[in-house]
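First up is the structure itself, then whatever we jot down about it.
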Amino acid sequence: RRIDAAAEVEQRSVARRPPRVSAYAARRQPHPVPARAQWPQLQRAYHGRSLPSPEFAEEQIQEVLHRVEKYSPEDELNCGACGYDSCRQKAAAVLRGMAEVTMCIPYMRTRAESLTNVVMDVTPNGVLIVDNALHVQDVSPAAEWMCNCHRAAARGRPLRGSIPIGEDSVAAGAAG
């Protein structure tokens, strides 16, 4: 049995494959396989067609950066979340038409948070936002009026004691 296995391994040998493939092709094709010299030319030449990248003035770069609220070098986080190595590279890509201004995740987060603040400021309902430990994170102006407290004084403090509401409400919040 070992001899049969050795013969089988030899049959599957990489060195034996090209002649076996050629023999198979000769049996399966109606015409014999042409000699290598008769094969068609299979080479191709490629020439670069890349366009030169335009350079932009500092004022143009700054205008794009200002559109995403980046006014100083400290504002440029260069986090790479947009896919570019730096905020300036992304600004140049925007000017080339290769990127959108709003691809900046820190900018979009700030914008979403500011929209939340707008909603909080205009809602007629009293809204209290607390974390898992029941510490006040935010208070709407209506809640300030209803609870007779100030947003700045309530933020970060425990709900119990910082806002005069019934103990039942605090207990229900802790249970939920």
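Each chain in the structure tokens gets a letter, A, B and so on, in the order shown; residues start at 1 in every chain, and ligands are counted from 1 in the order they appear.
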Sel. of helix (DSSP H, G or I) residues, segment 3-172 of chain A, as a ChimeraX atom specification: /A:3-11,14-28,36-38,58-67,73-75,87-96,101-103,105-122,141-147,151-154,159-162,167-172
Atomic separation - atom CA of Glu69 of chain A relative to atom CA of Ile129 of chain A, Å: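 Computed distance, atom CA of Ile129 of chain A to atom CA of Glu69 of chain A, equals 26.9 Å.
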Picked from segment 42-162 of chain A by DSSP as strand (DSSP E), as a PyMOL selection string: chain A and resi 128-130+136-139
With a cut-off of 7 Å, could you pull out the residues of segment 40-95 of chain A touching segment 105-115 of chain A and give me the nearest pair of atoms for each, distance in Å to one decimal, using only C-alpha atoms, ordered by chain and ascending number, as CSV?
residue,atom,partner,partner_atom,distance
A:Val68,CA,A:Tyr107,CA,5.9
A:Ala81,CA,A:Ile105,CA,6.4
A:Cys82,CA,A:Ile105,CA,6.9
